[in-house]
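Participant: Contents of final-v8.pdb (PDB, C-alpha atoms and all ligand atoms):
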ATOM      1  CA  MET S  56       1.585 -38.916 -12.703  1.00  0.00           C
ATOM      2  CA  ILE S  57       0.692 -42.346 -11.254  1.00  0.00           C
ATOM      3  CA  GLN S  58       2.195 -41.337  -7.932  1.00  0.00           C
ATOM      4  CA  ARG S  59       0.033 -38.186  -7.887  1.00  0.00           C
ATOM      5  CA  LYS S  60      -3.056 -40.333  -8.537  1.00  0.00           C
ATOM      6  CA  ILE S  61      -2.100 -42.701  -5.707  1.00  0.00           C
ATOM      7  CA  ILE S  62      -1.623 -39.760  -3.323  1.00  0.00           C
ATOM      8  CA  LYS S  63      -4.998 -38.343  -4.361  1.00  0.00           C
ATOM      9  CA  ALA S  64      -6.692 -41.725  -3.867  1.00  0.00           C
ATOM     10  CA  GLN S  65      -5.033 -42.074  -0.451  1.00  0.00           C
ATOM     11  CA  GLU S  66      -6.263 -38.601   0.488  1.00  0.00           C
ATOM     12  CA  LEU S  67      -9.831 -39.467  -0.579  1.00  0.00           C
ATOM     13  CA  VAL S  68      -9.832 -42.696   1.446  1.00  0.00           C
ATOM     14  CA  PHE S  69      -8.307 -40.831   4.402  1.00  0.00           C
ATOM     15  CA  GLN S  70     -11.010 -38.159   4.253  1.00  0.00           C
ATOM     16  CA  SER S  71     -13.758 -40.786   4.044  1.00  0.00           C
ATOM     17  CA  VAL S  72     -12.353 -42.715   7.012  1.00  0.00           C
ATOM     18  CA  ASN S  73     -12.081 -39.462   8.994  1.00  0.00           C
ATOM     19  CA  ARG S  74     -15.642 -38.541   8.093  1.00  0.00           C
ATOM     20  CA  VAL S  75     -16.940 -41.883   9.371  1.00  0.00           C
ATOM     21  CA  MET S  76     -14.719 -41.702  12.472  1.00  0.00           C
ATOM     22  CA  ASN S  77     -16.059 -38.265  13.284  1.00  0.00           C
ATOM     23  CA  ALA S  78     -19.690 -39.177  12.715  1.00  0.00           C
ATOM     24  CA  GLY S  79     -21.841 -38.100  15.637  1.00  0.00           C
ATOM     25  CA  ARG S  80     -19.295 -35.586  16.907  1.00  0.00           C
ATOM     26  CA  SER S  81     -20.683 -32.604  15.039  1.00  0.00           C
ATOM     27  CA  GLN S  82     -21.105 -29.462  17.131  1.00  0.00           C
ATOM     28  CA  ASN S  83     -24.079 -28.260  15.049  1.00  0.00           C
ATOM     29  CA  PRO S  84     -26.370 -31.140  14.176  1.00  0.00           C
ATOM     30  CA  ALA S  85     -29.033 -30.236  11.656  1.00  0.00           C
ATOM     31  CA  SER S  86     -31.866 -31.614  13.758  1.00  0.00           C
ATOM     32  CA  PRO S  87     -32.336 -33.707  16.918  1.00  0.00           C
ATOM     33  CA  ASP S  88     -33.591 -36.597  14.773  1.00  0.00           C
ATOM     34  CA  GLN S  89     -30.571 -36.441  12.552  1.00  0.00           C
ATOM     35  CA  GLU S  90     -28.326 -36.310  15.615  1.00  0.00           C
ATOM     36  CA  LYS S  91     -30.058 -39.399  17.022  1.00  0.00           C
ATOM     37  CA  ILE S  92     -29.452 -41.301  13.780  1.00  0.00           C
ATOM     38  CA  THR S  93     -25.806 -40.268  13.559  1.00  0.00           C
ATOM     39  CA  ARG S  94     -25.200 -41.119  17.212  1.00  0.00           C
ATOM     40  CA  TRP S  95     -26.852 -44.518  16.718  1.00  0.00           C
ATOM     41  CA  GLN S  96     -24.555 -45.106  13.734  1.00  0.00           C
ATOM     42  CA  PHE S  97     -21.545 -43.950  15.746  1.00  0.00           C
ATOM     43  CA  ASN S  98     -22.378 -46.182  18.725  1.00  0.00           C
ATOM     44  CA  ASN S  99     -22.736 -49.220  16.479  1.00  0.00           C
ATOM     45  CA  LEU S 100     -19.533 -48.279  14.711  1.00  0.00           C
ATOM     46  CA  ASP S 101     -17.844 -48.128  18.079  1.00  0.00           C
ATOM     47  CA  ALA S 102     -18.440 -51.785  18.779  1.00  0.00           C
ATOM     48  CA  LYS S 103     -17.861 -53.322  15.378  1.00  0.00           C
ATOM     49  CA  SER S 104     -16.046 -51.166  12.886  1.00  0.00           C
ATOM     50  CA  MET S 105     -14.142 -48.724  15.072  1.00  0.00           C
ATOM     51  CA  PRO S 106     -10.950 -50.831  15.340  1.00  0.00           C
ATOM     52  CA  LEU S 107     -10.902 -51.443  11.580  1.00  0.00           C
ATOM     53  CA  LEU S 108     -11.400 -47.776  10.770  1.00  0.00           C
ATOM     54  CA  LEU S 109      -8.832 -46.678  13.338  1.00  0.00           C
ATOM     55  CA  PHE S 110      -6.370 -49.164  11.890  1.00  0.00           C
ATOM     56  CA  ALA S 111      -7.135 -47.978   8.331  1.00  0.00           C
ATOM     57  CA  ARG S 112      -6.535 -44.365   9.327  1.00  0.00           C
ATOM     58  CA  GLU S 113      -3.240 -45.335  10.958  1.00  0.00           C
ATOM     59  CA  VAL S 114      -2.173 -47.241   7.823  1.00  0.00           C
ATOM     60  CA  LEU S 115      -2.884 -44.182   5.697  1.00  0.00           C
ATOM     61  CA  GLN S 116      -1.013 -41.885   8.059  1.00  0.00           C
ATOM     62  CA  ASN S 117       1.956 -44.158   8.668  1.00  0.00           C
ATOM     63  CA  PRO S 118       2.088 -47.171   6.300  1.00  0.00           C
ATOM     64  CA  ARG S 119       5.666 -48.184   7.126  1.00  0.00           C
ATOM     65  CA  GLY S 120       5.103 -47.892  10.860  1.00  0.00           C
ATOM     66  CA  VAL S 121       2.044 -50.146  10.736  1.00  0.00           C
ATOM     67  CA  GLY S 122       3.335 -52.510   8.063  1.00  0.00           C
ATOM     68  CA  ALA S 123       0.029 -54.358   7.545  1.00  0.00           C
ATOM     69  CA  ALA S 124      -3.151 -53.651   5.630  1.00  0.00           C
ATOM     70  CA  CYS S 125      -5.451 -54.870   8.407  1.00  0.00           C
ATOM     71  CA  PRO S 126      -5.259 -56.125  11.994  1.00  0.00           C
ATOM     72  CA  SER S 127      -4.338 -59.743  12.665  1.00  0.00           C
ATOM     73  CA  SER S 128      -7.146 -62.281  12.367  1.00  0.00           C
ATOM     74  CA  ARG S 129      -8.799 -64.059  15.274  1.00  0.00           C
ATOM     75  CA  ARG S 130      -7.075 -67.316  14.221  1.00  0.00           C
ATOM     76  CA  LEU S 131      -3.643 -65.715  14.303  1.00  0.00           C
ATOM     77  CA  SER S 132      -4.280 -64.025  17.640  1.00  0.00           C
ATOM     78  CA  GLU S 133      -5.502 -67.288  19.183  1.00  0.00           C
ATOM     79  CA  ALA S 134      -2.446 -69.129  17.839  1.00  0.00           C
ATOM     80  CA  VAL S 135      -0.133 -66.505  19.364  1.00  0.00           C
ATOM     81  CA  ALA S 136      -1.984 -66.557  22.703  1.00  0.00           C
ATOM     82  CA  LYS S 137      -1.739 -70.343  22.946  1.00  0.00           C
ATOM     83  CA  MET S 138       2.039 -70.191  22.526  1.00  0.00           C
ATOM     84  CA  VAL S 139       2.452 -67.808  25.466  1.00  0.00           C
ATOM     85  CA  PRO S 140       3.070 -69.310  28.901  1.00  0.00           C
ATOM     86  CA  ASN S 141       0.423 -68.205  31.408  1.00  0.00           C
ATOM     87  CA  HIS S 142       1.043 -67.620  35.105  1.00  0.00           C
ATOM     88  CA  GLN S 143       4.814 -67.491  34.786  1.00  0.00           C
ATOM     89  CA  GLY S 144       5.651 -63.791  34.826  1.00  0.00           C
ATOM     90  CA  LEU S 145       5.184 -60.619  32.881  1.00  0.00           C
ATOM     91  CA  VAL S 146       4.131 -60.721  29.222  1.00  0.00           C
ATOM     92  CA  ILE S 147       4.978 -57.673  27.113  1.00  0.00           C
ATOM     93  CA  GLU S 148       3.215 -56.972  23.826  1.00  0.00           C
ATOM     94  CA  LEU S 149       5.033 -54.643  21.437  1.00  0.00           C
ATOM     95  CA  GLY S 150       2.850 -52.872  18.852  1.00  0.00           C
ATOM     96  CA  ALA S 151      -0.552 -53.829  20.238  1.00  0.00           C
ATOM     97  CA  GLY S 152      -2.451 -51.975  17.490  1.00  0.00           C
ATOM     98  CA  THR S 153      -6.201 -52.260  18.075  1.00  0.00           C
ATOM     99  CA  GLY S 154      -5.757 -55.073  20.606  1.00  0.00           C
ATOM    100  CA  ILE S 155      -6.707 -58.249  18.774  1.00  0.00           C
ATOM    101  CA  ILE S 156      -3.739 -60.180  20.236  1.00  0.00           C
ATOM    102  CA  THR S 157      -4.226 -58.442  23.609  1.00  0.00           C
ATOM    103  CA  GLU S 158      -7.812 -59.677  23.721  1.00  0.00           C
ATOM    104  CA  ALA S 159      -6.800 -63.248  22.841  1.00  0.00           C
ATOM    105  CA  LEU S 160      -4.145 -63.267  25.589  1.00  0.00           C
ATOM    106  CA  LEU S 161      -6.711 -62.213  28.202  1.00  0.00           C
ATOM    107  CA  LYS S 162      -9.279 -64.710  26.894  1.00  0.00           C
ATOM    108  CA  ASN S 163      -6.652 -67.413  27.138  1.00  0.00           C
ATOM    109  CA  GLY S 164      -6.381 -66.751  30.864  1.00  0.00           C
ATOM    110  CA  LEU S 165      -3.434 -64.393  31.175  1.00  0.00           C
ATOM    111  CA  PRO S 166      -4.109 -62.255  34.280  1.00  0.00           C
ATOM    112  CA  PRO S 167      -4.373 -58.556  33.260  1.00  0.00           C
ATOM    113  CA  GLU S 168      -1.767 -57.510  35.846  1.00  0.00           C
ATOM    114  CA  GLN S 169       0.758 -59.735  34.055  1.00  0.00           C
ATOM    115  CA  LEU S 170       0.290 -58.037  30.690  1.00  0.00           C
ATOM    116  CA  LEU S 171       1.935 -54.833  29.540  1.00  0.00           C
ATOM    117  CA  ALA S 172       1.090 -53.431  26.101  1.00  0.00           C
ATOM    118  CA  ILE S 173       3.264 -50.900  24.282  1.00  0.00           C
ATOM    119  CA  GLU S 174       1.889 -48.944  21.317  1.00  0.00           C
ATOM    120  CA  LYS S 175       3.580 -46.022  19.606  1.00  0.00           C
ATOM    121  CA  SER S 176       0.527 -44.445  17.983  1.00  0.00           C
ATOM    122  CA  SER S 177      -1.241 -42.051  20.341  1.00  0.00           C
ATOM    123  CA  GLN S 178      -4.621 -42.719  18.715  1.00  0.00           C
ATOM    124  CA  LEU S 179      -4.273 -46.486  18.967  1.00  0.00           C
ATOM    125  CA  SER S 180      -2.940 -46.417  22.527  1.00  0.00           C
ATOM    126  CA  ALA S 181      -5.841 -44.161  23.611  1.00  0.00           C
ATOM    127  CA  TYR S 182      -8.234 -46.622  21.991  1.00  0.00           C
ATOM    128  CA  LEU S 183      -6.523 -49.556  23.744  1.00  0.00           C
ATOM    129  CA  GLN S 184      -6.716 -47.839  27.139  1.00  0.00           C
ATOM    130  CA  ASN S 185     -10.407 -47.266  26.586  1.00  0.00           C
ATOM    131  CA  ARG S 186     -10.973 -50.828  25.420  1.00  0.00           C
ATOM    132  CA  PHE S 187      -8.930 -52.477  28.194  1.00  0.00           C
ATOM    133  CA  PRO S 188      -9.193 -50.197  31.258  1.00  0.00           C
ATOM    134  CA  GLN S 189      -7.856 -53.037  33.442  1.00  0.00           C
ATOM    135  CA  LEU S 190      -4.526 -53.130  31.560  1.00  0.00           C
ATOM    136  CA  LYS S 191      -1.329 -51.120  31.706  1.00  0.00           C
ATOM    137  CA  ILE S 192      -0.961 -49.607  28.233  1.00  0.00           C
ATOM    138  CA  ILE S 193       2.080 -47.500  27.472  1.00  0.00           C
ATOM    139  CA  GLU S 194       2.019 -45.016  24.632  1.00  0.00           C
ATOM    140  CA  GLY S 195       5.614 -45.160  23.532  1.00  0.00           C
ATOM    141  CA  ASP S 196       8.341 -46.498  21.303  1.00  0.00           C
ATOM    142  CA  ALA S 197       9.495 -50.084  21.874  1.00  0.00           C
ATOM    143  CA  LEU S 198      12.985 -48.677  21.382  1.00  0.00           C
ATOM    144  CA  HIS S 199      12.751 -47.439  24.991  1.00  0.00           C
ATOM    145  CA  LEU S 200      11.373 -50.635  26.461  1.00  0.00           C
ATOM    146  CA  LYS S 201      13.884 -50.757  29.334  1.00  0.00           C
ATOM    147  CA  ASP S 202      12.813 -47.293  30.519  1.00  0.00           C
ATOM    148  CA  PHE S 203       9.173 -48.406  30.565  1.00  0.00           C
ATOM    149  CA  ILE S 204       9.977 -51.458  32.684  1.00  0.00           C
ATOM    150  CA  GLY S 205      11.940 -49.303  35.128  1.00  0.00           C
ATOM    151  CA  ASP S 206      13.061 -51.039  38.307  1.00  0.00           C
ATOM    152  CA  SER S 207      10.321 -53.646  38.175  1.00  0.00           C
ATOM    153  CA  GLN S 208      11.549 -56.946  39.613  1.00  0.00           C
ATOM    154  CA  ASP S 209       8.850 -58.906  37.741  1.00  0.00           C
ATOM    155  CA  LYS S 210      10.304 -61.776  35.764  1.00  0.00           C
ATOM    156  CA  ILE S 211       9.602 -61.402  32.052  1.00  0.00           C
ATOM    157  CA  ALA S 212       8.050 -64.611  30.715  1.00  0.00           C
ATOM    158  CA  ALA S 213       7.528 -63.495  27.120  1.00  0.00           C
ATOM    159  CA  ILE S 214       7.833 -60.579  24.724  1.00  0.00           C
ATOM    160  CA  ILE S 215       5.388 -60.661  21.832  1.00  0.00           C
ATOM    161  CA  CYS S 216       6.454 -58.645  18.846  1.00  0.00           C
ATOM    162  CA  GLY S 217       3.740 -57.333  16.534  1.00  0.00           C
ATOM    163  CA  LEU S 218       6.115 -54.767  15.071  1.00  0.00           C
ATOM    164  CA  PRO S 219       6.625 -54.592  11.306  1.00  0.00           C
ATOM    165  CA  PHE S 220      10.378 -55.344  11.278  1.00  0.00           C
ATOM    166  CA  ARG S 221      10.294 -55.641   7.482  1.00  0.00           C
ATOM    167  CA  SER S 222       9.200 -52.051   6.964  1.00  0.00           C
ATOM    168  CA  LEU S 223      10.708 -50.234   9.971  1.00  0.00           C
ATOM    169  CA  PRO S 224      14.121 -48.578   9.520  1.00  0.00           C
ATOM    170  CA  GLU S 225      16.974 -51.012  10.249  1.00  0.00           C
ATOM    171  CA  ARG S 226      18.410 -48.755  12.961  1.00  0.00           C
ATOM    172  CA  ILE S 227      15.121 -48.910  14.884  1.00  0.00           C
ATOM    173  CA  VAL S 228      14.801 -52.684  14.451  1.00  0.00           C
ATOM    174  CA  HIS S 229      18.326 -53.278  15.772  1.00  0.00           C
ATOM    175  CA  GLY S 230      17.683 -50.948  18.707  1.00  0.00           C
ATOM    176  CA  ILE S 231      14.498 -52.833  19.633  1.00  0.00           C
ATOM    177  CA  ILE S 232      16.227 -56.227  19.355  1.00  0.00           C
ATOM    178  CA  LYS S 233      18.964 -54.928  21.703  1.00  0.00           C
ATOM    179  CA  GLN S 234      16.302 -54.016  24.256  1.00  0.00           C
ATOM    180  CA  VAL S 235      14.775 -57.491  23.990  1.00  0.00           C
ATOM    181  CA  GLU S 236      18.205 -59.094  24.478  1.00  0.00           C
ATOM    182  CA  LEU S 237      18.839 -56.961  27.513  1.00  0.00           C
ATOM    183  CA  LEU S 238      15.542 -57.705  29.233  1.00  0.00           C
ATOM    184  CA  LEU S 239      14.499 -61.237  28.300  1.00  0.00           C
ATOM    185  CA  PRO S 240      15.873 -63.987  30.579  1.00  0.00           C
ATOM    186  CA  GLU S 241      17.281 -67.136  29.003  1.00  0.00           C
ATOM    187  CA  ASP S 242      14.098 -69.131  29.671  1.00  0.00           C
ATOM    188  CA  GLY S 243      11.870 -66.301  28.415  1.00  0.00           C
ATOM    189  CA  LEU S 244      10.191 -66.472  25.006  1.00  0.00           C
ATOM    190  CA  PHE S 245      10.345 -63.996  22.153  1.00  0.00           C
ATOM    191  CA  LEU S 246       7.323 -64.443  19.875  1.00  0.00           C
ATOM    192  CA  GLN S 247       7.211 -62.841  16.496  1.00  0.00           C
ATOM    193  CA  TYR S 248       4.525 -63.133  13.851  1.00  0.00           C
ATOM    194  CA  THR S 249       5.426 -62.384  10.310  1.00  0.00           C
ATOM    195  CA  TYR S 250       4.171 -62.714   6.742  1.00  0.00           C
ATOM    196  CA  ASP S 251       7.483 -64.330   5.845  1.00  0.00           C
ATOM    197  CA  LEU S 252       6.231 -67.910   5.580  1.00  0.00           C
ATOM    198  CA  MET S 253       9.684 -69.273   4.753  1.00  0.00           C
ATOM    199  CA  GLY S 254      10.719 -68.486   8.311  1.00  0.00           C
ATOM    200  CA  MET S 255      13.949 -66.707   7.542  1.00  0.00           C
ATOM    201  CA  LYS S 256      15.407 -65.312  10.769  1.00  0.00           C
ATOM    202  CA  GLU S 257      15.369 -61.829   9.358  1.00  0.00           C
ATOM    203  CA  HIS S 258      16.974 -59.194  11.562  1.00  0.00           C
ATOM    204  CA  LEU S 259      17.513 -61.557  14.493  1.00  0.00           C
ATOM    205  CA  PRO S 260      21.021 -62.413  15.698  1.00  0.00           C
ATOM    206  CA  HIS S 261      22.217 -66.059  15.626  1.00  0.00           C
ATOM    207  CA  HIS S 262      21.831 -66.546  19.348  1.00  0.00           C
ATOM    208  CA  PHE S 263      18.054 -66.151  19.000  1.00  0.00           C
ATOM    209  CA  LYS S 264      17.219 -69.872  18.752  1.00  0.00           C
ATOM    210  CA  ARG S 265      13.888 -70.826  17.258  1.00  0.00           C
ATOM    211  CA  VAL S 266      12.155 -73.291  19.578  1.00  0.00           C
ATOM    212  CA  ALA S 267       8.701 -73.490  17.968  1.00  0.00           C
ATOM    213  CA  HIS S 268       6.780 -72.203  14.977  1.00  0.00           C
ATOM    214  CA  LYS S 269       3.357 -72.409  13.407  1.00  0.00           C
ATOM    215  CA  ILE S 270       1.878 -71.273  10.115  1.00  0.00           C
ATOM    216  CA  VAL S 271      -1.582 -69.729  10.333  1.00  0.00           C
ATOM    217  CA  TRP S 272      -3.360 -69.864   6.973  1.00  0.00           C
ATOM    218  CA  GLY S 273      -6.437 -68.107   8.339  1.00  0.00           C
ATOM    219  CA  ASN S 274      -4.923 -64.648   8.238  1.00  0.00           C
ATOM    220  CA  LEU S 275      -4.723 -62.045   5.511  1.00  0.00           C
ATOM    221  CA  PRO S 276      -2.065 -62.697   4.324  1.00  0.00           C
ATOM    222  CA  PRO S 277      -1.183 -66.060   5.929  1.00  0.00           C
ATOM    223  CA  ALA S 278       1.329 -65.600   8.708  1.00  0.00           C
ATOM    224  CA  ARG S 279       3.957 -67.508  10.599  1.00  0.00           C
ATOM    225  CA  VAL S 280       4.428 -67.387  14.361  1.00  0.00           C
ATOM    226  CA  ASN S 281       8.032 -67.925  15.415  1.00  0.00           C
ATOM    227  CA  VAL S 282       9.046 -68.513  19.012  1.00  0.00           C
ATOM    228  CA  TYR S 283      12.648 -67.889  20.070  1.00  0.00           C
ATOM    229  CA  GLN S 284      14.770 -68.221  23.166  1.00  0.00           C
ATOM    230  CA  ILE S 285      17.998 -66.332  23.578  1.00  0.00           C
ATOM    231  CA  ASP S 286      21.134 -68.394  24.077  1.00  0.00           C
ATOM    232  CA  LYS S 287      23.116 -66.283  26.523  1.00  0.00           C
ATOM    233  CA  THR S 288      26.071 -68.652  27.031  1.00  0.00           C
TER     234      THR S 288
HETATM  235  C1  LIG T 301       1.359 -54.806  12.124  1.00  0.00           C
HETATM  236  S1  LIG T 301       0.605 -53.716  13.319  1.00  0.00           S
HETATM  237  C2  LIG T 301       0.134 -54.982  14.501  1.00  0.00           C
HETATM  238  C3  LIG T 301      -1.046 -54.574  15.318  1.00  0.00           C
HETATM  239  C4  LIG T 301      -1.661 -55.678  16.181  1.00  0.00           C
HETATM  240  N1  LIG T 301      -0.710 -56.220  17.118  1.00  0.00           N
HETATM  241  C5  LIG T 301      -2.217 -56.790  15.316  1.00  0.00           C
HETATM  242  O1  LIG T 301      -1.641 -57.888  15.317  1.00  0.00           O
HETATM  243  O2  LIG T 301      -3.225 -56.552  14.635  1.00  0.00           O
HETATM  244  C6  LIG T 301       2.042 -52.951  14.040  1.00  0.00           C
HETATM  245  C7  LIG T 301       1.753 -52.033  15.223  1.00  0.00           C
HETATM  246  O3  LIG T 301       3.005 -51.639  15.788  1.00  0.00           O
HETATM  247  C8  LIG T 301       2.964 -50.265  16.126  1.00  0.00           C
HETATM  248  N2  LIG T 301       4.372 -49.775  16.137  1.00  0.00           N
HETATM  249  C9  LIG T 301       5.178 -49.553  15.076  1.00  0.00           C
HETATM  250  N3  LIG T 301       6.391 -49.173  15.477  1.00  0.00           N
HETATM  251  C10 LIG T 301       6.375 -49.171  16.838  1.00  0.00           C
HETATM  252  C11 LIG T 301       7.364 -48.906  17.836  1.00  0.00           C
HETATM  253  N4  LIG T 301       8.609 -48.531  17.509  1.00  0.00           N
HETATM  254  N5  LIG T 301       7.008 -49.018  19.131  1.00  0.00           N
HETATM  255  C12 LIG T 301       5.749 -49.397  19.486  1.00  0.00           C
HETATM  256  N6  LIG T 301       4.772 -49.668  18.586  1.00  0.00           N
HETATM  257  C13 LIG T 301       5.070 -49.558  17.268  1.00  0.00           C
HETATM  258  C14 LIG T 301       2.101 -49.659  15.036  1.00  0.00           C
HETATM  259  O4  LIG T 301       1.560 -48.405  15.436  1.00  0.00           O
HETATM  260  C15 LIG T 301       1.043 -50.754  14.843  1.00  0.00           C
HETATM  261  O5  LIG T 301      -0.042 -50.565  15.705  1.00  0.00           O
END
Please lay out the structure from this file as structure tokens.
Facilitator:
Amino acid sequence: MIQRKIIKAQELVFQSVNRVMNAGRSQNPASPDQEKITRWQFNNLDAKSMPLLLFAREVLQNPRGVGAACPSSRRLSEAVAKMVPNHQGLVIELGAGTGIITEALLKNGLPPEQLLAIEKSSQLSAYLQNRFPQLKIIEGDALHLKDFIGDSQDKIAAIICGLPFRSLPERIVHGIIKQVELLLPEDGLFLQYTYDLMGMKEHLPHHFKRVAHKIVWGNLPPARVNVYQIDKT
């Protein structure tokens, strides 16, 4: 009974989000004036609310795959960006979402050609490509990271993980960690942000050594950024 009510509520929210997302795209507008108003609303939505609505729709479609109720805050994204070494090689962002961390990395001075963003959702990756035309965005599963890198000789400086390891199936998480182990050099950094404030090394093998961490209270919920290096000896 309760579950049916939750499903119905989810459906209602989903329909409302879709309605707003599709505003201004109607094939048969009632009048030119009405079309003007809707397009004005849509254009303003584009700049401000579009990422939030896109994220909300993704959460409703795939809650476990997104694993968060809203995108990371500006404070969290700035904290992550500051912990990433600039000008030292390729930086890979796994699960870029609507690009809040991506934006902070670029603002912090990371050259666009040194950043590669991977996002599994086709809607979010299309949005990212539109938002950051200067970047290489790959629509794909982080599980196949090595295939995306191909024969590139670029040294990987850091892999930033925005993936919801706590809600993804264990098999997938282990597969992604294996890819990270395979690709990240010993002096490379693996950055993970998590809502687990206690800093348990969930899912990560023992040879992932934590070298830095920071708690960011200005996020909903507060989050912890963990930075690891892999001991390959
Ligand atoms: C918690 S959200 C983080 C989004 C964004 N980085 C932020 O901080 O706001 C997780 C993102 O990872 C993406 N994702 C989940 N599983 C993935 C996978 N296997 N490969 C690539 N992206 C994935 C989801 O679509 C979602 O956009």
Participant: What residues come out when you apply the PyMOL selection byres (((chain S and resi 144) around 7) and not hetatm) to this file, written as a list in words?
Facilitator: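 Expected selection for the PyMOL selection byres (((chain S and resi 144) around 7) and not hetatm) here is His142, Gln143, Leu145, Val146, Gln169, Asp209, Lys210, Ile211 and Ala212 of chain S.
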Participant: Where does the PyMOL selection byres (((chain S and resi 132-134) around 10) and not hetatm) land in this file, that is, which residues does it pick, as a list in words?
Facilitator: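 For this structure, the PyMOL selection byres (((chain S and resi 132-134) around 10) and not hetatm) resolves to Pro126, Ser127, Ser128, Arg129, Arg130, Leu131, Val135, Ala136, Lys137, Met138, Val139, Gly154, Ile155, Ile156, Thr157, Glu158, Ala159, Leu160, Lys162, Asn163, Tyr248, Lys269, Ile270, Val271, Asn274, Arg279 and Val280 of chain S.
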Participant: I need the output of the PyMOL selection byres (((chain S and resi 235) around 10) and not hetatm) for this file as a VMD selection string; which residues are they?
Facilitator: chain S and resid 197 to 198 200 to 201 213 to 214 216 229 to 234 236 to 240 245 285
Participant: Given a cut-off of 7 Å, what residues near ligand LIG 301 (chain T) show up using all atoms listed in the file, put as a list in words?
Facilitator: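 Using all atoms listed in the file, I find these residues within 7 Å of ligand LIG 301 (chain T): Gly120, Val121, Gly122, Ala123, Cys125, Pro126, Ser127, Leu149, Gly150, Ala151, Gly152, Thr153, Gly154, Ile155, Ile156, Ile173, Glu174, Lys175, Ser176, Leu179, Gly195, Asp196, Ala197, Leu198, Gly217, Leu218 and Pro219 of chain S.
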Participant: Go ahead and write the selection's residues with C-alpha atoms as a PDB file, in the coordinates of the input.
Facilitator:
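As written to disk, part.pdb reads:
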ATOM      1  CA  GLY S 120       5.103 -47.892  10.860  1.00  0.00           C
ATOM      2  CA  VAL S 121       2.044 -50.146  10.736  1.00  0.00           C
ATOM      3  CA  GLY S 122       3.335 -52.510   8.063  1.00  0.00           C
ATOM      4  CA  ALA S 123       0.029 -54.358   7.545  1.00  0.00           C
ATOM      5  CA  CYS S 125      -5.451 -54.870   8.407  1.00  0.00           C
ATOM      6  CA  PRO S 126      -5.259 -56.125  11.994  1.00  0.00           C
ATOM      7  CA  SER S 127      -4.338 -59.743  12.665  1.00  0.00           C
ATOM      8  CA  LEU S 149       5.033 -54.643  21.437  1.00  0.00           C
ATOM      9  CA  GLY S 150       2.850 -52.872  18.852  1.00  0.00           C
ATOM     10  CA  ALA S 151      -0.552 -53.829  20.238  1.00  0.00           C
ATOM     11  CA  GLY S 152      -2.451 -51.975  17.490  1.00  0.00           C
ATOM     12  CA  THR S 153      -6.201 -52.260  18.075  1.00  0.00           C
ATOM     13  CA  GLY S 154      -5.757 -55.073  20.606  1.00  0.00           C
ATOM     14  CA  ILE S 155      -6.707 -58.249  18.774  1.00  0.00           C
ATOM     15  CA  ILE S 156      -3.739 -60.180  20.236  1.00  0.00           C
ATOM     16  CA  ILE S 173       3.264 -50.900  24.282  1.00  0.00           C
ATOM     17  CA  GLU S 174       1.889 -48.944  21.317  1.00  0.00           C
ATOM     18  CA  LYS S 175       3.580 -46.022  19.606  1.00  0.00           C
ATOM     19  CA  SER S 176       0.527 -44.445  17.983  1.00  0.00           C
ATOM     20  CA  LEU S 179      -4.273 -46.486  18.967  1.00  0.00           C
ATOM     21  CA  GLY S 195       5.614 -45.160  23.532  1.00  0.00           C
ATOM     22  CA  ASP S 196       8.341 -46.498  21.303  1.00  0.00           C
ATOM     23  CA  ALA S 197       9.495 -50.084  21.874  1.00  0.00           C
ATOM     24  CA  LEU S 198      12.985 -48.677  21.382  1.00  0.00           C
ATOM     25  CA  GLY S 217       3.740 -57.333  16.534  1.00  0.00           C
ATOM     26  CA  LEU S 218       6.115 -54.767  15.071  1.00  0.00           C
ATOM     27  CA  PRO S 219       6.625 -54.592  11.306  1.00  0.00           C
TER      28      PRO S 219
END
Participant: Give me, please, the distance in Å between CA of Pro277 (chain S) and CA of Pro106 (chain S), quoted to one decimal.
Facilitator: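 Distance reported for this atom pair: 20.4 Å.
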Participant: So what do you get for CA of Gln116 (chain S) versus CA of Ile227 (chain S), distance-wise?
Facilitator: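 These atoms are spaced 18.9 Å apart.
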Participant: For a quick check of understanding, using all atoms listed in the file, which of S:Ile204, S:Ala267, S:Ile215, S:Ala124 has the smallest distance to Gln247 (chain S)?
Facilitator: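 Selected residue with least distance to Gln247 (chain S): S:Ile215.
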Participant: Could you tell me how far CA of Leu108 (chain S) sits from CA of Val228 (chain S), in Å to one decimal place?
Facilitator: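 So the answer is 26.9 Å.
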Participant: Check the smallest atom-to-atom distance from each of S:Met253, S:Ala111, S:Ile192, S:Leu244 to Ser177 (chain S) using all atoms listed in the file, then report the winner.
Facilitator: S:Ile192
Participant: Go ahead and find all residues with at least one atom no further than 7 Å from (1.8, -53.3, 30.3) in the file's coordinates, using all atoms listed in the file; report them as a PyMOL selection string.
Facilitator: chain S and resi 147+170-173+190-193
Participant: Smallest atom-to-atom distance to Leu252 (chain S): which of S:Leu107, S:Gly273, S:Val266, S:Ala278, using only C-alpha atoms?
Facilitator: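 Among the listed residues, the smallest separation from Leu252 (chain S) belongs to S:Ala278.
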Participant: Considering all atoms listed in the file, can you say which of S:His261, S:His199, S:Ser222, S:Glu241 comes closest to Asn117 (chain S)?
Facilitator: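 Nearest to Asn117 (chain S): S:Ser222.
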